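Please read the structure below before turning to the comments.
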Amino acid sequence: MTLIERVKNIILNPDREWPVIEREPADARGLLIGYVAVLAAIPAVAGFIGTSLVGVSVSAGTFRVPFVMGLLNAAISYAFSFVLVYVVALIIDWLAPVFRAMRSFPHALKLSAYSFTPSWLAGIFLLIPGLRFLTILGLYGLYLLWTGLPPLMDAARDRSLLYAAAVVFAALIVTVGLALIQSMIVTVP
């Protein structure tokens, strides 16, 4: 299956796509290189272009993040995308017994990676600072996570909403931590 077909299927018909993903052999390297590496580049590159090249209009003119700082910020956010996918997979796997689901890190990694798809796609809106608010469309990934838990982690439907909420809460903590680290790295003189 091509990248474009997978993206289309996971976005438009996740209930049919999750069982297909569940049956696929676990190939972490292929998933990270062939899927995450490509899609995670969208918000990193678009964010760099939007903040360093296009700039944000303010009353005094247009503000642009300095080129090198913007490039460093893009590189760090890109690298942290991989960290976030991996850590969220660890969280999904670690929480599985709590919600009487099956532990399987390969399935958790697939679930984590594919659930971030809408967020990465919505990153295209970072190109134009006035459209940044549309990145909220990435929240569709929460729905993907919830619908993916039963087929990939063998979670009971009645527990999957709470399971997804616990994963999201933990992922938010990790995201805030990574954002703090990123801001410390980028603002170091």
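Just remember, in the structure tokens the first chain shown is A, the second B, etc., residues are 1-based per chain, and ligands are 1-based in the order shown.
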
DSSP strand (DSSP E) residues within segment 17-180 of chain A, listed as a ChimeraX atom specification = /A:56-58,61-63

key: In segment 47-155 of chain A, DSSP helix (DSSP H, G or I) residues written as JSON, numbers by chain   = {"A": [47, 48, 49, 50, 51, 52, 53, 54, 67, 68, 69, 70, 71, 72, 73, 74, 75, 76, 77, 78, 79, 80, 81, 82, 83, 84, 85, 86, 87, 88, 89, 90, 91, 92, 93, 94, 95, 96, 97, 98, 99, 105, 106, 107, 108, 109, 110, 111, 112, 113, 114, 115, 117, 118, 119, 120, 121, 122, 123, 124, 125, 126, 127, 129, 130, 131, 132, 133, 134, 135, 136, 137, 138, 139, 140, 141, 142, 143, 144, 145, 146, 147, 148, 149, 150, 151, 152, 153]}

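Using only C-alpha atoms, the shortest contact distance between Pro43 of chain A and any of A:His107, A:Arg157, A:Lys8, A:Arg132 is found at A:Arg132.
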
Hey, which bits of segment 142-173 of chain A sit within 9 Å of segment 92-99 of chain A, and for each residue what's the closest pair of atoms and how far apart in Å (one decimal), counting only C-alpha atoms, rows by chain and increasing number, as a tab-separated table?
```
residue	atom	partner	partner_atom	distance
A:Leu149	CA	A:Ile92	CA	8.9
A:Met153	CA	A:Ala96	CA	7.2
A:Asp154	CA	A:Ala96	CA	8.9
A:Ala155	CA	A:Phe99	CA	7.1
A:Ala156	CA	A:Phe99	CA	8.1
A:Arg159	CA	A:Phe99	CA	6.4
A:Ser160	CA	A:Phe99	CA	7.8
A:Leu162	CA	A:Phe99	CA	8.3
A:Tyr163	CA	A:Phe99	CA	6.3
A:Ala164	CA	A:Ile92	CA	8.5
A:Ala166	CA	A:Leu95	CA	8.2
A:Val167	CA	A:Ile92	CA	6.2
```

remark   = In terms of only C-alpha atoms, the residue from A:Ala37, A:Ile185, A:Leu111, A:Ile4 at minimal distance from Leu145 of chain A is A:Leu111

message = So that I can check the surroundings of segment 15-29 of chain A, please list as a list of chain:residue names every protein, DNA and RNA residue that reaches within 6 Å of it, counting only C-alpha atoms and ignoring chain neighbours fewer than 6 positions away.
response = A:Pro106, A:Gly148, A:Pro151, A:Leu152

For the residues in the current selection, export C-alpha atoms as a PDB file, in the first residue's frame.
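Final output, result_4.pdb:
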```
ATOM      1  CA  PRO A 106       4.482  -3.320  17.678  1.00  0.00           C
ATOM      2  CA  GLY A 148      -7.812   1.986  16.778  1.00  0.00           C
ATOM      3  CA  PRO A 151      -8.554  -3.777  16.778  1.00  0.00           C
ATOM      4  CA  LEU A 152      -4.882  -3.135  17.545  1.00  0.00           C
TER       5      LEU A 152
END
```

Residues within 8 Å of Thr175 of chain A, only C-alpha atoms, excluding chain neighbours under 4 positions, as an MDAnalysis selection string = chainID A and resid 84 171 179

Output for the residues just chosen: N, CA and C atoms as a short mmCIF file (atom, residue, chain, number, x, y, z; two decimals), in the first residue's frame:
```cif
data_model
loop_
_atom_site.label_atom_id
_atom_site.label_comp_id
_atom_site.auth_asym_id
_atom_site.auth_seq_id
_atom_site.Cartn_x
_atom_site.Cartn_y
_atom_site.Cartn_z
N LEU A 84 7.97 11.57 20.27
CA LEU A 84 6.58 11.56 20.72
C LEU A 84 5.85 10.30 20.26
N ALA A 171 0.14 11.72 27.05
CA ALA A 171 0.81 12.30 25.88
C ALA A 171 0.91 13.81 25.99
N ALA A 179 8.12 20.37 24.63
CA ALA A 179 8.05 21.79 24.25
C ALA A 179 8.95 22.64 25.14
#
```

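Residue nearest Ile49 of chain A within the list A:Val87, A:Ile136, A:Leu127, A:Ile76: A:Leu127 [criterion: smallest interatomic distance, only C-alpha atoms].
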
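Each of A:Ala113, A:Val58, A:Leu142, A:Ile11 was compared to Val36 of chain A using only C-alpha atoms, and A:Ala113 turns out to be the nearest.
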
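If you look at atom CA of Ile91 of chain A and atom CA of Tyr143 of chain A, they are 17.2 Å away from each other.
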
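Counting only C-alpha atoms, the residue from A:Phe116, A:Tyr35, A:Phe105, A:Phe125 that sits nearest to Tyr140 of chain A is A:Phe116.
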
inquiry  = Given only C-alpha atoms as the basis, pick out the residue of A:Ser57, A:Ser81, A:Thr147, A:Thr187 nearest to Ala41 of chain A.
reply    = A:Ser81
